[in-house]
Amino acid sequence: MSEDLLRRFAAKLNGVPGTADRVARVAALVEDTNSRVAAEALRVLPVDSSPYGFQHWLAATDKP
Amino acid sequence: MPNTIAQLDLCALADAIAAGDITSVATSTVALERLDTVGRKLNAVVRLDPDRALQAAEAADKLRATGAALPPLHGVPLAHKDMFCREGDPSAGGSKIRAGFRAEVTATVIERLDAAGALDLGRLQLAEFAMSPTGYNEYNSHALNPWNPAHVPGGSSSGSGVAVAARLVAGSLGTDTGGSLRHPGAMCGLVGLKPTWGLVPTDGVMPLVASLDCTGPLTRTARDAARLLSVIAGGDYESALTGSVKDLTVAVPSGYYRELLDPVIAIRLENALAALRNLGAITVETAPPVMAIVNALMHVLMSVEAATIHRRWLIERPQDYADQIRARIEPGLFYPATRYIEALSLRAQITQQWIAACIGSADLALLPAISIPVPTIAATTEGDPADVARVIGQLTHCTRGINYLGLPAASVPCGFDAAGLRVGFQLVGRPYSEATILRAADAYQGTTDWRQRVPTAAELN
């Protein structure tokens with residue numbers, strides 16, 4: 001992933017210029033993590049998924 | 001007498017006060033003195049409130065004298081991680097940035113402890129913004145492991161771990177976002193219980209990652225943890241402690257969970273498994289799924305939510321963060337919103353897969369709490385940043401993924417390493433299986449005396 005792209009992300013989209021200066025140390029981690037999650041989601045995430053699904057599942061497993 | 005009081009665990013202390021064998025004033029006086037002396041030497045204390053605590057202790061003793069029915073923690077002095085708010089009191093969260101912040105609300109868990117009769121002596125040290133598995137805190141300085149002050153106590157609930165292990169208080173609330181109760185539990189020789197996500201209220205507690213944050217107890221025994229959990233979760237976890245595990249099957253996941261395992265720790269875990277088998281439990285081996293994806297999903301939630309909370313301060317006060325802490329937050333500024341939603345949306349199915357693979361038909365999984373010997377403070381603060389990051393990553397190898405899964409888990413002390421530092425195993429269960437975890441931990445503790453070992457730094461010998 002382009003470090004320059006990440007710099008602009010930090011400085012322009014998040015307004016954190018100091019973070020932009022430290023991009024080099026996190027670029028590899030961000031690229032690796034992003035790739036893993038993106039690939040897994042493409043592979044297994046159902047179309048009817050929801051960010052609230054975990055709470056619903058937990059509630060269903062709760063047996064007092 | 002002061003040393004005798006300090007040696008009592010939470011349930012013994014509560015029972016002795018309820019029976020009139022000791023007073024709450026005497027108990028609170030001992031705890032305050034020990035926090036102020038031993039606690040400050042170990043850098044475990046942020047602030048104490050002796051006047052308020054002793055006034056409450058006097059009131060507790062007067063109430064007992066009337067013969068009134070007493071709540072389960074009547075007159076028992078406690079102190080907690082400095083991120084549990086009480087209206088009007090300071091709550092800095094281990095940071096320079098929140099120094100001077102005064103809470104506008106009281107945390108529900110603190111209100112529940114108040115209602116259960118517990119006394120609140122003050123607040124304890126933690127990692128800056130609760131963001132370090134070692135207890136790292138440049139601003140307040142690091143808390144020191146009572147078993148060897150050159151070593152980290154584990155974090156982020158570092159002061160809670162130190163205070164309970166050094167017999168300053170008999171129990172303490174902490175929080176766990178990536179292992180922050182289980183790390184000090186393992187490294188100080190305590191039971192650190194991370195409940196199922198959502199079981200215990202987190203309102204009025206400084207947030208780090210709302211999707212992962214859990215409030216729980218650090219205590220010397222599983223029974224003590226059950227009593228505190230009963231109060232803060234609003235249930236009965238103590239009556240489940242039957243001392244028997246004859247009906248339990250304990251799974252032992254291999255692969256990822258054995259990758260970094262130190263040989264001495266491996267022996268301690270095998271001895272713990274043998275003890276559980278001797279008690280009648282069945283043990284079976286299982287194989288975990290690919291944990292790299294679980295850890296990646298956890299990292300996305302952790303860094304994005306932390307970066308959301310901290311973005312204003314990263315803009316306005318970046319110099320007031322320790323670099324090690326800022327480095328954990330900043331990656332969250334770079335992930336697209338789609339990754340964050342995917343991480344949330346995948347959570348239920350990934351958790352079900354982990355349970356099926358790691359627990360299977362068993363009741364619990366037994367994992368290392370930490371895979372490596374407790375490191376020195378120097379090994380986690382000095383030298384090549386890559387080496388420091390590697391050690392810190394190794395410390396959370398078996399803990400951080402459990403927070404993404406939202407499952408209950410507890411560290412249980414099971415001996416010492418070659419350098420005399422503590423070793424612990426970790427029990428993980430299905431959602432809301434805290435009673436089963438505590439029952440197994442309690443039965444195991446009944447066969448060992450690890451919980452009774454006292455560090456020299458406690459100054460009780």
# chains A, B, ... in the order shown; residues from 1 in each chain; ligands from 1
>>> residues_around(residues="range 6-9 of chain A", least_positions_apart="5", cutoff="10 Å", atoms="only C-alpha atoms", output="compact mmCIF listing (two decimals) with C-alpha atoms, in the first residue's frame")
# COMPACT_ATOMS: atom_id res chain seq x y z
CA MET A 1 0.00 0.00 0.00
CA ASN A 14 -8.51 12.51 9.53
CA GLY A 15 -6.76 15.84 10.10
CA VAL A 16 -3.84 14.28 11.97
CA PRO A 17 -0.65 15.55 10.32
CA GLY A 18 1.58 14.15 13.08
CA THR A 19 0.30 10.67 12.34
CA ALA A 20 1.03 11.20 8.67
CA ASP A 21 4.69 11.71 9.58
CA ARG A 22 4.80 8.28 11.26
CA VAL A 23 3.16 6.29 8.47
CA ALA A 24 6.24 4.25 7.60
CA VAL A 26 2.51 1.10 10.42
CA ALA A 27 2.16 0.73 6.65
CA VAL A 30 -2.14 -1.90 7.90
CA PRO B 331 -3.24 2.26 12.59
CA LEU B 333 -6.89 5.94 11.24
CA PHE B 334 -6.11 4.07 8.01
CA TYR B 335 -8.69 1.30 7.66
CA PRO B 336 -11.66 1.86 5.35
>>> residues_around(residues="Ser157 in chain B", least_positions_apart="4", cutoff="10 Å", atoms="only C-alpha atoms", output="PyMOL selection string")
chain B and resi 44+80-83+124-127+130-135+143+153+161-162+172-176+179-185+192+218
>>> closest_atom_pairs(of="chain B", to="chain A", cutoff="8 Å", atoms="only C-alpha atoms", output="CSV")
residue,atom,partner,partner_atom,distance
B:Ile293,CA,A:Arg36,CA,6.4
B:Ala296,CA,A:Thr33,CA,5.3
B:Leu297,CA,A:Val37,CA,6.4
B:His299,CA,A:Thr33,CA,7.8
B:Val300,CA,A:Thr33,CA,7.6
B:Arg311,CA,A:Val16,CA,7.6
B:Leu314,CA,A:Val16,CA,6.7
B:Ile315,CA,A:Val16,CA,5.2
B:Pro318,CA,A:Gly18,CA,7.4
B:Ala327,CA,A:Val26,CA,8.0
B:Glu330,CA,A:Thr19,CA,6.7
B:Pro331,CA,A:Val26,CA,6.3
B:Leu333,CA,A:Ala10,CA,6.4
B:Phe334,CA,A:Leu6,CA,6.5
B:Tyr335,CA,A:Asn34,CA,6.9
B:Arg339,CA,A:Ala38,CA,6.5
B:Ile341,CA,A:Pro51,CA,5.9
B:Glu342,CA,A:Ala41,CA,6.3
B:Ala343,CA,A:Val37,CA,7.2
B:Leu344,CA,A:Pro51,CA,4.9
B:Ser345,CA,A:Pro51,CA,4.2
B:Leu346,CA,A:Leu45,CA,6.5
B:Arg347,CA,A:Phe54,CA,5.8
B:Ala348,CA,A:Phe54,CA,4.7
B:Pro431,CA,A:Thr61,CA,6.8
B:Tyr432,CA,A:Asp62,CA,6.4
>>> atom_distance(atom1="CA of Gly243 in chain B", atom2="CA of Ala443 in chain B")
4.5 Å
